[in-house]
file entry_13.txt (compact mmCIF, C-alpha atoms)
# COMPACT_ATOMS: atom_id res chain seq x y z
CA MET A 1 30.39 -16.88 14.79
CA ALA A 2 33.48 -14.69 14.52
CA SER A 3 32.60 -11.16 15.62
CA GLY A 4 35.90 -9.47 14.78
CA VAL A 5 35.67 -6.63 12.27
CA LEU A 6 38.42 -5.52 9.91
CA VAL A 7 38.01 -1.85 8.96
CA ALA A 8 40.06 -1.07 5.84
CA GLY A 9 40.70 2.39 4.47
CA ASN A 10 42.43 5.63 5.34
CA LYS A 11 42.79 6.70 8.98
CA THR A 12 39.90 9.17 8.91
CA PHE A 13 37.55 6.47 7.65
CA THR A 14 38.74 3.74 10.00
CA ASP A 15 38.59 6.01 13.06
CA ASP A 16 35.03 7.12 12.18
CA VAL A 17 33.75 3.58 11.62
CA LYS A 18 35.49 2.18 14.71
CA ALA A 19 33.88 4.91 16.82
CA ILE A 20 30.45 3.82 15.59
CA LEU A 21 31.18 0.12 16.09
CA SER A 22 32.36 0.80 19.65
CA GLN A 23 28.66 0.86 20.56
CA LEU A 24 28.36 -2.80 19.56
CA ASN A 25 29.71 -6.03 20.96
CA VAL A 26 32.46 -6.44 18.36
CA THR A 27 36.24 -6.13 18.27
CA THR A 28 37.82 -4.06 15.52
CA GLU A 29 41.16 -3.88 13.75
CA SER A 30 42.36 -1.28 11.23
CA ALA A 31 44.07 -1.99 7.92
CA TYR A 32 45.64 0.76 5.86
CA SER A 33 47.52 -1.24 3.22
CA LEU A 34 46.94 -4.26 1.01
CA GLY A 35 49.37 -6.26 3.14
CA ASP A 36 47.41 -5.42 6.32
CA ILE A 37 44.16 -6.52 4.66
CA GLN A 38 45.70 -9.80 3.44
CA LYS A 39 47.09 -10.59 6.88
CA ILE A 40 44.13 -9.66 9.10
CA SER A 41 41.45 -11.01 6.76
CA LYS A 42 42.91 -14.51 7.17
CA ALA A 43 42.49 -14.48 10.94
CA ASP A 44 39.85 -16.83 12.36
CA THR A 45 38.57 -14.02 14.58
CA THR A 46 37.70 -11.81 11.60
CA GLY A 47 34.05 -12.21 10.65
CA ILE A 48 33.29 -9.07 8.66
CA ILE A 49 35.39 -6.71 6.56
CA LEU A 50 34.37 -3.07 6.00
CA LEU A 51 36.18 -1.44 3.07
CA ASP A 52 36.19 2.20 2.03
CA CYS A 53 36.43 2.09 -1.78
CA ASN A 54 37.45 5.76 -1.98
CA SER A 55 40.61 5.11 0.05
CA TYR A 56 42.06 3.25 -2.96
CA PRO A 57 42.09 5.68 -5.92
CA ASP A 58 44.63 3.58 -7.81
CA ALA A 59 42.60 1.22 -10.00
CA LYS A 60 45.08 -1.68 -9.89
CA GLU A 61 45.43 -1.49 -6.10
CA TYR A 62 41.64 -1.37 -5.74
CA GLU A 63 41.23 -4.46 -7.93
CA SER A 64 43.84 -6.26 -5.82
CA VAL A 65 42.00 -5.34 -2.63
CA LEU A 66 38.70 -6.59 -4.06
CA ASP A 67 40.36 -9.86 -5.10
CA VAL A 68 41.62 -10.33 -1.51
CA LEU A 69 38.10 -9.74 -0.16
CA LYS A 70 36.52 -12.09 -2.66
CA THR A 71 38.96 -14.92 -1.93
CA SER A 72 38.87 -14.36 1.85
CA LYS A 73 35.48 -16.12 2.03
CA LYS A 74 34.54 -13.58 4.71
CA CYS A 75 31.47 -11.35 4.68
CA PHE A 76 32.39 -7.88 3.49
CA ILE A 77 30.63 -4.54 3.10
CA LEU A 78 31.81 -1.87 0.69
CA LEU A 79 31.35 1.86 1.34
CA THR A 80 31.66 4.52 -1.36
CA SER A 81 30.74 8.09 -2.16
CA ASP A 82 30.42 7.20 -5.86
CA LYS A 83 26.69 7.38 -6.47
CA ASN A 84 26.34 5.30 -9.59
CA ILE A 85 24.74 2.00 -10.42
CA LYS A 86 27.97 0.47 -11.73
CA CYS A 87 29.40 0.54 -8.19
CA VAL A 88 26.35 -1.33 -6.85
CA LEU A 89 26.52 -3.96 -9.59
CA LEU A 90 30.29 -4.43 -9.18
CA ALA A 91 29.90 -4.86 -5.43
CA LYS A 92 27.23 -7.50 -5.99
CA LYS A 93 29.34 -9.26 -8.61
CA MET A 94 32.32 -9.39 -6.22
CA GLY A 95 30.16 -11.00 -3.53
CA ALA A 96 29.73 -8.04 -1.17
CA SER A 97 27.05 -8.43 1.48
CA ASP A 98 26.08 -4.78 1.06
CA LEU A 99 27.11 -1.49 -0.52
CA ILE A 100 26.57 1.59 1.66
CA ILE A 101 26.64 5.04 0.10
CA LYS A 102 28.54 7.80 1.94
CA PRO A 103 27.83 9.98 3.77
CA TYR A 104 25.84 7.47 5.80
CA ASN A 105 23.43 7.89 8.67
CA GLU A 106 24.82 6.25 11.82
CA ARG A 107 21.59 4.45 12.76
CA GLU A 108 21.13 3.12 9.22
CA PHE A 109 24.79 2.07 9.08
CA ILE A 110 24.40 0.05 12.28
CA ALA A 111 21.17 -1.52 11.04
CA ARG A 112 22.81 -2.66 7.81
CA PHE A 113 25.99 -3.80 9.56
CA ASN A 114 23.93 -5.87 12.02
CA ALA A 115 21.99 -7.40 9.14
CA THR A 116 25.28 -8.82 7.84
CA LEU A 117 26.65 -9.73 11.28
CA TYR A 118 23.53 -11.63 12.36
CA LYS A 119 22.61 -12.88 8.89
CA LYS A 120 19.21 -11.22 8.96
CA VAL A 121 16.69 -11.63 6.16
CA ARG A 122 16.49 -8.32 4.29
CA ILE A 123 12.97 -7.39 3.22
CA SER A 124 12.45 -4.32 1.04
CA CYS A 125 8.91 -3.07 0.42
CA ILE A 126 8.05 -0.93 -2.62
CA GLY A 127 4.79 0.99 -2.53
CA GLY A 128 2.82 3.83 -1.01
CA GLY A 129 -0.43 4.76 0.73
CA THR A 130 -2.18 2.79 3.44
CA GLY A 131 -1.36 -0.51 1.73
CA LEU A 132 2.34 -0.04 2.43
CA LEU A 133 1.62 1.19 5.98
CA ASN A 134 -0.41 -1.93 6.86
CA LEU A 135 2.23 -4.21 5.37
CA LEU A 136 5.05 -2.56 7.34
CA MET A 137 3.05 -2.70 10.57
CA GLY A 138 2.80 -6.46 10.15
CA LEU A 139 6.34 -7.17 9.00
CA LYS A 140 8.11 -5.06 11.59
CA THR A 141 7.51 -7.68 14.29
CA ILE A 142 9.17 -10.52 12.34
CA PRO A 143 12.37 -11.44 14.24
CA ASN A 144 15.83 -11.30 12.68
CA VAL A 145 14.75 -9.16 9.72
CA LEU A 146 16.02 -5.85 8.32
CA LEU A 147 13.01 -4.02 6.91
CA THR A 148 13.36 -1.24 4.33
CA SER A 149 10.44 0.85 3.05
CA ILE A 150 11.00 2.27 -0.45
CA VAL A 151 8.33 4.92 -0.81
CA SER A 152 6.59 6.41 -3.85
CA ILE A 153 6.99 10.15 -4.48
CA SER A 154 4.05 11.03 -6.75
CA ASP A 155 1.43 12.15 -4.18
CA ASP A 156 0.25 15.68 -4.98
CA GLY A 157 -3.03 15.86 -3.08
CA GLY A 158 -4.11 17.05 0.37
CA SER A 159 -1.55 18.19 2.91
CA SER A 160 1.33 16.60 0.98
CA GLY A 161 0.37 18.41 -2.21
CA ARG A 162 0.10 21.79 -0.49
CA LEU A 163 3.51 21.43 1.16
CA ARG A 164 5.07 20.15 -2.04
CA ALA A 165 3.76 23.21 -3.93
CA SER A 166 4.75 25.70 -1.21
CA PHE A 167 8.19 24.37 -0.31
CA GLY A 168 9.29 22.46 -3.42
CA ILE A 169 9.90 19.25 -1.45
CA LEU A 170 9.03 15.62 -2.05
CA PRO A 171 5.50 14.87 -0.80
CA PRO A 172 5.90 13.90 2.87
CA GLY A 173 2.69 11.91 3.44
CA ASP A 174 3.73 8.41 2.38
CA ILE A 175 7.18 8.91 3.91
CA ARG A 176 5.59 9.91 7.23
CA ARG A 177 3.31 6.86 7.19
CA SER A 178 6.30 4.55 6.75
CA LEU A 179 8.22 6.26 9.55
CA VAL A 180 5.28 5.90 11.93
CA ALA A 181 4.70 2.28 10.89
CA LEU A 182 8.31 1.41 11.79
CA SER A 183 8.50 3.67 14.85
CA ASN A 184 9.48 2.42 18.27
CA ALA A 185 8.61 5.77 19.87
CA PRO A 186 5.91 6.00 22.56
CA ASP A 187 2.33 5.72 21.26
CA LEU A 188 1.63 9.36 22.06
CA MET A 189 4.46 10.48 19.79
CA ASN A 190 3.11 8.37 16.96
CA GLN A 191 -0.37 9.82 17.53
CA VAL A 192 1.11 13.31 17.32
CA MET A 193 2.83 12.43 14.04
CA GLN A 194 -0.50 11.28 12.58
CA PHE A 195 -2.54 14.20 13.98
CA ARG A 196 -4.50 16.17 11.38
CA PHE A 197 -5.63 19.74 12.06
CA GLU A 198 -9.38 20.34 11.71
CA LYS A 199 -9.33 24.07 12.45
CA GLY A 200 -6.95 27.00 12.31
CA ASP A 201 -7.33 28.60 8.86
CA GLU A 202 -4.09 27.68 7.04
CA LEU A 203 -3.57 24.62 9.24
CA ILE A 204 -6.88 22.93 8.35
CA GLY A 205 -6.21 19.62 6.59
CA HIS A 206 -2.51 19.56 7.37
CA ASN A 207 -0.96 16.61 9.14
CA PHE A 208 1.45 17.49 11.96
CA GLY A 209 3.97 14.86 10.83
CA ASN A 210 4.01 16.39 7.35
CA LEU A 211 4.67 19.83 8.83
CA PHE A 212 7.41 18.39 11.06
CA LEU A 213 9.13 16.77 8.07
CA THR A 214 8.87 20.03 6.13
CA ALA A 215 10.43 21.98 9.01
CA LEU A 216 13.28 19.46 9.25
CA ALA A 217 13.80 19.71 5.47
CA GLU A 218 14.18 23.47 5.79
CA ILE A 219 16.65 23.06 8.67
CA LYS A 220 18.71 20.22 7.15
CA GLY A 221 18.56 21.40 3.55
CA SER A 222 16.66 18.48 1.98
CA ILE A 223 13.77 16.11 2.58
CA ILE A 224 16.23 13.19 2.35
CA GLU A 225 18.15 14.45 5.38
CA ALA A 226 14.86 15.28 7.11
CA VAL A 227 13.75 11.65 6.75
CA LYS A 228 16.96 10.41 8.38
CA GLU A 229 16.61 12.89 11.26
CA LEU A 230 12.97 12.00 11.92
CA ALA A 231 13.83 8.30 11.69
CA ASP A 232 16.36 8.87 14.48
CA ILE A 233 13.81 10.81 16.57
CA LEU A 234 11.21 8.07 16.18
CA TYR A 235 13.89 5.37 16.62
CA ILE A 236 12.44 3.40 13.74
CA GLN A 237 13.01 -0.32 13.33
CA GLY A 238 14.32 -0.36 9.79
CA ILE A 239 15.05 2.11 7.01
CA VAL A 240 12.82 4.48 5.02
CA LEU A 241 13.94 5.70 1.58
CA PRO A 242 12.14 7.76 -1.09
CA ILE A 243 12.38 5.88 -4.36
CA ALA A 244 13.71 9.03 -6.09
CA LYS A 245 14.96 12.40 -4.89
CA SER A 246 13.28 14.98 -7.13
CA GLN A 247 9.74 16.28 -7.54
CA THR A 248 7.75 14.77 -10.36
CA THR A 249 4.24 14.67 -11.78
CA LEU A 250 2.57 11.34 -12.46
CA CYS A 251 0.83 11.24 -15.85
CA ALA A 252 -1.64 8.73 -17.28
CA GLU A 253 -3.05 8.22 -20.75
CA PHE A 254 -6.44 6.48 -20.84
CA ASP A 255 -8.01 4.28 -23.49
CA ASP A 256 -9.84 7.23 -25.04
CA GLY A 257 -6.56 9.12 -25.54
CA ASN A 258 -7.22 11.58 -22.73
CA VAL A 259 -4.16 12.44 -20.59
CA VAL A 260 -4.49 13.26 -16.88
CA LYS A 261 -1.54 14.85 -15.07
CA GLY A 262 -1.16 14.58 -11.32
CA GLU A 263 -1.58 11.63 -8.96
CA SER A 264 -4.63 13.18 -7.29
CA GLY A 265 -6.34 13.75 -10.64
CA ILE A 266 -5.80 10.12 -11.62
CA ASP A 267 -6.88 8.94 -8.17
CA LEU A 268 -10.08 11.01 -7.80
CA CYS A 269 -11.47 10.09 -11.24
CA GLU A 270 -13.49 13.27 -11.76
CA ASP A 271 -15.17 14.15 -15.07
CA ARG A 272 -14.26 10.91 -16.82
CA ASP A 273 -15.74 7.45 -17.32
CA PRO A 274 -14.50 5.36 -14.33
CA LYS A 275 -14.40 2.27 -16.55
CA LEU A 276 -11.71 3.72 -18.81
CA ALA A 277 -8.46 1.82 -18.37
CA ILE A 278 -5.00 3.38 -18.10
CA LYS A 279 -3.05 2.67 -21.28
CA LYS A 280 0.24 4.28 -20.29
CA LEU A 281 1.81 5.71 -17.12
CA TRP A 282 4.89 7.96 -16.83
CA HIS A 283 6.55 10.78 -14.87
CA GLU A 284 7.19 14.38 -15.92
CA PRO A 285 10.04 15.11 -15.65
CA PRO A 286 11.42 11.54 -15.82
CA GLN A 287 12.93 10.32 -12.56
CA GLU A 288 15.83 7.98 -11.76
CA CYS A 289 15.91 5.49 -8.89
CA ASP A 290 17.76 6.83 -5.86
CA ILE A 291 21.12 5.04 -5.48
CA ASP A 292 20.40 4.05 -1.86
CA ALA A 293 17.07 2.55 -2.90
CA TYR A 294 18.75 0.77 -5.83
CA SER A 295 21.39 -0.71 -3.52
CA CYS A 296 18.77 -1.89 -1.02
CA ILE A 297 16.74 -3.58 -3.78
CA MET A 298 19.86 -5.31 -5.11
CA ASN A 299 20.86 -6.54 -1.65
CA SER A 300 17.41 -7.71 -0.55
CA ASP A 301 16.42 -11.30 0.13
CA ILE A 302 12.71 -10.57 -0.29
CA LEU A 303 11.17 -7.72 -2.27
CA THR A 304 7.47 -6.94 -1.84
CA ILE A 305 5.49 -4.98 -4.41
CA GLY A 306 2.12 -3.68 -3.18
CA PRO A 307 -0.49 -3.81 -1.86
CA GLY A 308 -1.86 -0.40 -2.80
CA ASP A 309 -3.69 1.38 -5.60
CA LEU A 310 -2.36 -0.44 -8.65
CA PHE A 311 -1.23 2.55 -10.71
CA THR A 312 -0.90 5.45 -8.27
CA SER A 313 0.81 3.56 -5.40
CA VAL A 314 2.47 0.56 -7.08
CA ILE A 315 3.18 0.99 -10.79
CA THR A 316 4.11 4.64 -10.24
CA ASN A 317 7.35 3.24 -8.78
CA LEU A 318 7.97 0.82 -11.65
CA VAL A 319 8.03 3.59 -14.29
CA ILE A 320 10.97 5.33 -12.57
CA LYS A 321 14.21 4.72 -14.45
CA ASN A 322 16.36 1.80 -13.21
CA VAL A 323 13.76 0.49 -10.74
CA THR A 324 12.77 -2.39 -12.99
CA ASP A 325 16.46 -2.89 -13.82
CA ALA A 326 17.17 -3.47 -10.12
CA ILE A 327 14.13 -5.73 -9.74
CA LYS A 328 15.23 -7.86 -12.69
CA LYS A 329 18.83 -8.16 -11.49
CA THR A 330 18.33 -8.72 -7.77
CA LYS A 331 18.32 -12.28 -6.50
CA ALA A 332 15.58 -11.36 -4.03
CA LYS A 333 12.33 -13.29 -4.08
CA LYS A 334 9.72 -10.92 -5.54
CA VAL A 335 6.32 -10.96 -3.89
CA TYR A 336 3.33 -9.14 -5.35
CA ALA A 337 0.45 -8.64 -2.89
CA CYS A 338 -2.68 -8.17 -4.98
CA ASN A 339 -5.33 -5.60 -4.08
CA LEU A 340 -8.54 -6.59 -2.32
CA MET A 341 -11.00 -4.20 -3.96
CA THR A 342 -11.31 -2.64 -7.40
CA LYS A 343 -10.89 1.14 -7.74
CA PRO A 344 -12.95 3.36 -10.08
CA GLY A 345 -10.75 5.12 -12.61
CA GLU A 346 -7.87 2.68 -12.14
CA THR A 347 -9.00 -0.92 -11.90
CA THR A 348 -12.74 -1.12 -12.55
CA ASP A 349 -13.64 -4.74 -13.39
CA PHE A 350 -10.01 -5.86 -12.88
CA ASP A 351 -9.56 -9.39 -11.57
CA VAL A 352 -6.33 -10.83 -10.10
CA CYS A 353 -5.17 -11.86 -13.57
CA ARG A 354 -5.45 -8.30 -14.88
CA HIS A 355 -3.66 -6.87 -11.82
CA VAL A 356 -0.78 -9.32 -12.22
CA LYS A 357 -0.60 -8.77 -15.99
CA GLU A 358 -0.22 -5.01 -15.51
CA VAL A 359 2.60 -5.54 -13.00
CA VAL A 360 4.35 -8.07 -15.25
CA ASP A 361 4.01 -5.77 -18.29
CA TYR A 362 5.46 -2.75 -16.48
CA LEU A 363 8.28 -4.91 -15.10
CA GLY A 364 9.15 -5.77 -18.68
CA GLY A 365 8.71 -9.49 -18.09
CA ASP A 366 7.63 -12.08 -15.58
CA HIS A 367 10.03 -11.61 -12.67
CA LEU A 368 7.60 -12.48 -9.86
CA ASP A 369 8.20 -15.41 -7.53
CA TYR A 370 5.05 -15.18 -5.39
CA VAL A 371 1.61 -13.63 -5.78
CA ILE A 372 -0.51 -13.29 -2.63
CA VAL A 373 -4.27 -13.35 -3.24
CA SER A 374 -6.92 -12.94 -0.55
CA ASN A 375 -9.74 -15.45 -0.20
CA THR A 376 -11.17 -13.81 2.94
CA LYS A 377 -14.96 -13.97 2.83
CA LEU A 378 -16.47 -10.51 3.10
CA SER A 379 -19.88 -9.77 4.57
CA ASP A 380 -22.83 -8.86 2.37
CA LYS A 381 -23.01 -5.54 4.23
CA SER A 382 -19.42 -4.66 3.37
CA ILE A 383 -19.84 -5.65 -0.28
CA ALA A 384 -23.00 -3.51 -0.50
CA GLU A 385 -21.27 -0.48 1.04
CA TYR A 386 -18.41 -0.74 -1.44
CA ALA A 387 -20.84 -1.20 -4.33
CA LYS A 388 -22.22 2.27 -3.55
CA LYS A 389 -18.72 3.58 -4.39
CA ASN A 390 -18.56 1.47 -7.57
CA GLN A 391 -16.07 -0.91 -5.97
CA ALA A 392 -16.12 -4.70 -5.73
CA PRO A 393 -13.91 -7.50 -4.39
CA VAL A 394 -11.09 -8.46 -6.76
CA GLN A 395 -11.93 -11.89 -8.15
CA LEU A 396 -9.31 -14.53 -8.94
CA GLY A 397 -10.26 -14.74 -12.60
CA GLY A 398 -9.19 -18.34 -13.13
CA MET A 399 -6.04 -20.09 -11.95
CA GLU A 400 -5.19 -21.43 -15.42
CA ARG A 401 -5.30 -17.93 -16.90
CA LEU A 402 -3.10 -16.67 -14.08
CA LYS A 403 -0.52 -19.40 -14.62
CA LYS A 404 -0.20 -18.32 -18.26
CA ILE A 405 0.69 -14.79 -17.08
CA THR A 406 3.22 -15.67 -14.38
CA LYS A 407 5.36 -18.57 -13.25
CA ALA A 408 5.05 -17.28 -9.67
CA ARG A 409 3.72 -19.46 -6.88
CA ILE A 410 0.15 -18.32 -6.24
CA ILE A 411 -0.66 -18.08 -2.53
CA VAL A 412 -4.43 -17.95 -2.01
CA ALA A 413 -5.01 -17.28 1.68
CA ASP A 414 -7.06 -15.47 4.29
CA VAL A 415 -5.00 -12.24 4.48
CA SER A 416 -7.56 -9.47 4.95
CA HIS A 417 -10.19 -8.17 7.37
CA GLU A 418 -13.11 -5.80 7.35
CA THR A 419 -13.81 -3.14 9.97
CA GLU A 420 -14.86 0.21 8.59
CA LEU A 421 -12.82 -0.58 5.47
CA VAL A 422 -11.55 -3.74 3.81
CA ARG A 423 -7.81 -3.91 4.40
CA HIS A 424 -4.95 -6.40 4.46
CA ASP A 425 -4.68 -7.74 7.99
CA GLU A 426 -1.27 -7.07 9.56
CA SER A 427 -0.96 -10.41 11.35
CA LYS A 428 -2.30 -12.44 8.43
CA ILE A 429 -0.02 -10.94 5.79
CA ARG A 430 2.84 -11.28 8.27
CA ARG A 431 2.12 -15.00 8.54
CA GLU A 432 2.46 -15.50 4.78
CA ILE A 433 5.70 -13.50 4.54
CA ILE A 434 7.14 -15.49 7.47
CA LYS A 435 6.58 -18.67 5.48
CA ILE A 436 8.64 -17.20 2.65
CA THR A 437 11.44 -16.10 5.00
CA GLU A 438 11.53 -19.57 6.54
CA SER A 439 11.86 -21.15 3.11
CA LEU A 440 14.87 -18.89 2.46
CA ARG A 441 16.51 -19.77 5.76
CA SER A 442 16.03 -23.49 5.19

call {"tool": "encode", "arguments": {"input": "entry_13.txt", "output": "structure tokens"}}
result
Amino acid sequence: MASGVLVAGNKTFTDDVKAILSQLNVTTESAYSLGDIQKISKADTTGIILLDCNSYPDAKEYESVLDVLKTSKKCFILLTSDKNIKCVLLAKKMGASDLIIKPYNEREFIARFNATLYKKVRISCIGGGTGLLNLLMGLKTIPNVLLTSIVSISDDGGSSGRLRASFGILPPGDIRRSLVALSNAPDLMNQVMQFRFEKGDELIGHNFGNLFLTALAEIKGSIIEAVKELADILYIQGIVLPIAKSQTTLCAEFDDGNVVKGESGIDLCEDRDPKLAIKKLWHEPPQECDIDAYSCIMNSDILTIGPGDLFTSVITNLVIKNVTDAIKKTKAKKVYACNLMTKPGETTDFDVCRHVKEVVDYLGGDHLDYVIVSNTKLSDKSIAEYAKKNQAPVQLGGMERLKKITKARIIVADVSHETELVRHDESKIRREIIKITESLRS
């Protein structure tokens, strides 16, 4: 494998990138002109080309450079400060291995560069809550994988809701869970990040990690920058991205016409019939998919959706503008991990078929490649405890019915466990995703 890297762009760009790559076991060469790129890209020692799109403002010259990259048959990564979807789609059309938006975080840059250099499988996970946390905990130990967590932003309850209201930031809770799940910091640091105050007047109910993220957001000027800084501190194994960058309120219309605004209000199901189904879900104000998240979805090999509360952790992401567009256009294998238990106010009496149908409908078509369904046998005691909360195991609902909803391969497997709660088991779900990664590699 050729490990030489051609860095193409103006001198400021090439010097910056070469300084970062000096930490790695690669040799680098600079190219400032089209002739340099043509010459060096042909060398057998050149394995990867990094191109700064903004260094070529002349449209014709830029097209010529892209043509050279496309015909070089070398892996290439484009970098740009143009934060629009057209750039992502053009990069994909031209055969780029990745498109990185500037300004970039050094650790994330290296992670994405290494994914191209070592031909890693890129897995992006869309979701929120404990479902996403458990999934990430399992997947992070898969070798030769770049893992990206794309996190929902609609949480408005508890500590996250209080901080969101007080500081006007994105809710930090789900972001913090993803950071801890992917952390390589000492266990004590991770325990501190998850610590919740149980006394202290204004501190009661707050999570330390949420407060830490809020403090970093105040220092760095945005929650987005705070996430990158905390990711560096925790030395996470992967990338964490909010699915959008602005505050929003999740809204749901139920079958009786009643509208509930706020994720916590939908989730808690107070003062309404828990059997009422959600007819429509949306955000106020409408949100657009973050360009970094869009690029990661487009450049994924595997995209997981769920597990998590169907509407408030999963579909909440699908109703953000351009998310479904990216999911439809990416060549990634799309994997939906179905929930284990029903949830009053969201999925009462839902079987697997109904869960999958809702996902397919909100995607705007059947774009799933795999559906993972648990067949883990639960104890009578666990089923009885959940029944007290008006919850029950999600039943399959008939394989023939399911096959009429989706063309996806249905994986029915032992993927959960029961301790105090019924949850997806990290090692079991990991095993099923490994099978999918191996099929890609083969």

call {"tool": "atom_distance", "arguments": {"input": "entry_13.txt", "atom1": "atom CA of Tyr294 of chain A", "atom2": "atom CA of Ser149 of chain A"}}
result
12.2 Å

call {"tool": "residues_near_point", "arguments": {"input": "entry_13.txt", "point": "(-3.9, 15.9, 9.0)", "cutoff": "9 Å", "atoms": "all atoms listed in the file", "output": "PyMOL selection string"}}
result
chain A and resi 158-159+194-198+203-210

call {"tool": "atom_distance", "arguments": {"input": "entry_13.txt", "atom1": "atom CA of Thr330 of chain A", "atom2": "atom CA of Gly128 of chain A"}}
result
21.1 Å

call {"tool": "residues_around", "arguments": {"input": "entry_13.txt", "residues": "Leu234 of chain A", "least_positions_apart": "5", "cutoff": "8 Å", "atoms": "only C-alpha atoms", "output": "PDB file with C-alpha atoms, in the coordinates of the input"}}
result
ATOM      1  CA  LEU A 179       8.220   6.260   9.550  1.00  0.00           C
ATOM      2  CA  VAL A 180       5.280   5.900  11.930  1.00  0.00           C
ATOM      3  CA  SER A 183       8.500   3.670  14.850  1.00  0.00           C
ATOM      4  CA  ASN A 184       9.480   2.420  18.270  1.00  0.00           C
ATOM      5  CA  ALA A 185       8.610   5.770  19.870  1.00  0.00           C
TER       6      ALA A 185
END

call {"tool": "residues_around", "arguments": {"input": "entry_13.txt", "residues": "segment 423-428 of chain A", "least_positions_apart": "5", "cutoff": "6 Å", "atoms": "only C-alpha atoms", "output": "list in words"}}
result
Asn134, Gly138, Val415, Ser416 and His417 of chain A

call {"tool": "write_last_selection", "arguments": {"input": "entry_13.txt", "atoms": "C-alpha atoms", "output": "PDB file, keeping the file's coordinate frame"}}
result
ATOM      1  CA  ASN A 134      -0.410  -1.930   6.860  1.00  0.00           C
ATOM      2  CA  GLY A 138       2.800  -6.460  10.150  1.00  0.00           C
ATOM      3  CA  VAL A 415      -5.000 -12.240   4.480  1.00  0.00           C
ATOM      4  CA  SER A 416      -7.560  -9.470   4.950  1.00  0.00           C
ATOM      5  CA  HIS A 417     -10.190  -8.170   7.370  1.00  0.00           C
TER       6      HIS A 417
END

call {"tool": "residues_around", "arguments": {"input": "entry_13.txt", "residues": "segment 375-383 of chain A", "least_positions_apart": "5", "cutoff": "8 Å", "atoms": "all atoms listed in the file", "output": "NGL selection string"}}
result
:A and (392-393 or 412-418 or 422)

call {"tool": "residues_around", "arguments": {"input": "entry_13.txt", "residues": "Pro172 of chain A", "least_positions_apart": "3", "cutoff": "6 Å", "atoms": "only C-alpha atoms", "output": "PyMOL selection string"}}
result
chain A and resi 160+175-176+210

call {"tool": "write_last_selection", "arguments": {"input": "entry_13.txt", "atoms": "C-alpha atoms", "output": "short mmCIF file (atom, residue, chain, number, x, y, z; two decimals), in the coordinates of the input"}}
result
data_model
loop_
_atom_site.label_atom_id
_atom_site.label_comp_id
_atom_site.auth_asym_id
_atom_site.auth_seq_id
_atom_site.Cartn_x
_atom_site.Cartn_y
_atom_site.Cartn_z
CA SER A 160 1.33 16.60 0.98
CA ILE A 175 7.18 8.91 3.91
CA ARG A 176 5.59 9.91 7.23
CA ASN A 210 4.01 16.39 7.35
#

call {"tool": "closest_atom_pairs", "arguments": {"input": "entry_13.txt", "of": "segment 284-343 of chain A", "to": "segment 433-440 of chain A", "cutoff": "9 Å", "atoms": "only C-alpha atoms", "output": "Markdown table"}}
result
| residue | atom | partner | partner_atom | distance |
| --- | --- | --- | --- | --- |
| A:Asp301 | CA | A:Leu440 | CA | 8.1 |
| A:Ile302 | CA | A:Thr437 | CA | 7.8 |
| A:Lys333 | CA | A:Ile436 | CA | 8.6 |
| A:Val335 | CA | A:Ile433 | CA | 8.8 |

call {"tool": "residues_around", "arguments": {"input": "entry_13.txt", "residues": "segment 9-16 of chain A", "least_positions_apart": "2", "cutoff": "12 Å", "atoms": "only C-alpha atoms", "output": "PyMOL selection string"}}
result
chain A and resi 5-7+18-22+28-34+36-37+49-57+62+65+78-80+102-104+106+109

call {"tool": "atom_distance", "arguments": {"input": "entry_13.txt", "atom1": "atom CA of Val394 of chain A", "atom2": "atom CA of Val352 of chain A"}}
result
6.3 Å

call {"tool": "closest_residue", "arguments": {"input": "entry_13.txt", "among": "A:Leu211, A:Ala252, A:Ile266, A:Val240", "to": "Asp155 of chain A", "atoms": "all atoms listed in the file"}}
result
A:Ile266

call {"tool": "closest_residue", "arguments": {"input": "entry_13.txt", "among": "A:Ala217, A:Gly345, A:Ile100, A:Pro286", "to": "Glu253 of chain A", "atoms": "all atoms listed in the file"}}
result
A:Gly345

call {"tool": "closest_residue", "arguments": {"input": "entry_13.txt", "among": "A:Cys296, A:Lys357, A:Tyr362, A:Met341", "to": "Ala387 of chain A", "atoms": "only C-alpha atoms"}}
result
A:Met341

call {"tool": "closest_residue", "arguments": {"input": "entry_13.txt", "among": "A:Cys125, A:Val356, A:Leu89, A:Val260", "to": "Arg272 of chain A", "atoms": "all atoms listed in the file"}}
result
A:Val260

call {"tool": "residues_near_point", "arguments": {"input": "entry_13.txt", "point": "(20.1, 1.8, 0.0)", "cutoff": "8 Å", "atoms": "all atoms listed in the file", "output": "mmCIF file with C-alpha atoms, keeping the file's coordinate frame"}}
result
data_model
loop_
_atom_site.group_PDB
_atom_site.id
_atom_site.type_symbol
_atom_site.label_atom_id
_atom_site.label_comp_id
_atom_site.auth_asym_id
_atom_site.auth_seq_id
_atom_site.Cartn_x
_atom_site.Cartn_y
_atom_site.Cartn_z
ATOM 1 C CA LEU A 99 27.110 -1.490 -0.520
ATOM 2 C CA ILE A 100 26.570 1.590 1.660
ATOM 3 C CA ILE A 101 26.640 5.040 0.100
ATOM 4 C CA LEU A 241 13.940 5.700 1.580
ATOM 5 C CA ILE A 291 21.120 5.040 -5.480
ATOM 6 C CA ASP A 292 20.400 4.050 -1.860
ATOM 7 C CA ALA A 293 17.070 2.550 -2.900
ATOM 8 C CA TYR A 294 18.750 0.770 -5.830
ATOM 9 C CA SER A 295 21.390 -0.710 -3.520
ATOM 10 C CA CYS A 296 18.770 -1.890 -1.020
ATOM 11 C CA ILE A 297 16.740 -3.580 -3.780
#
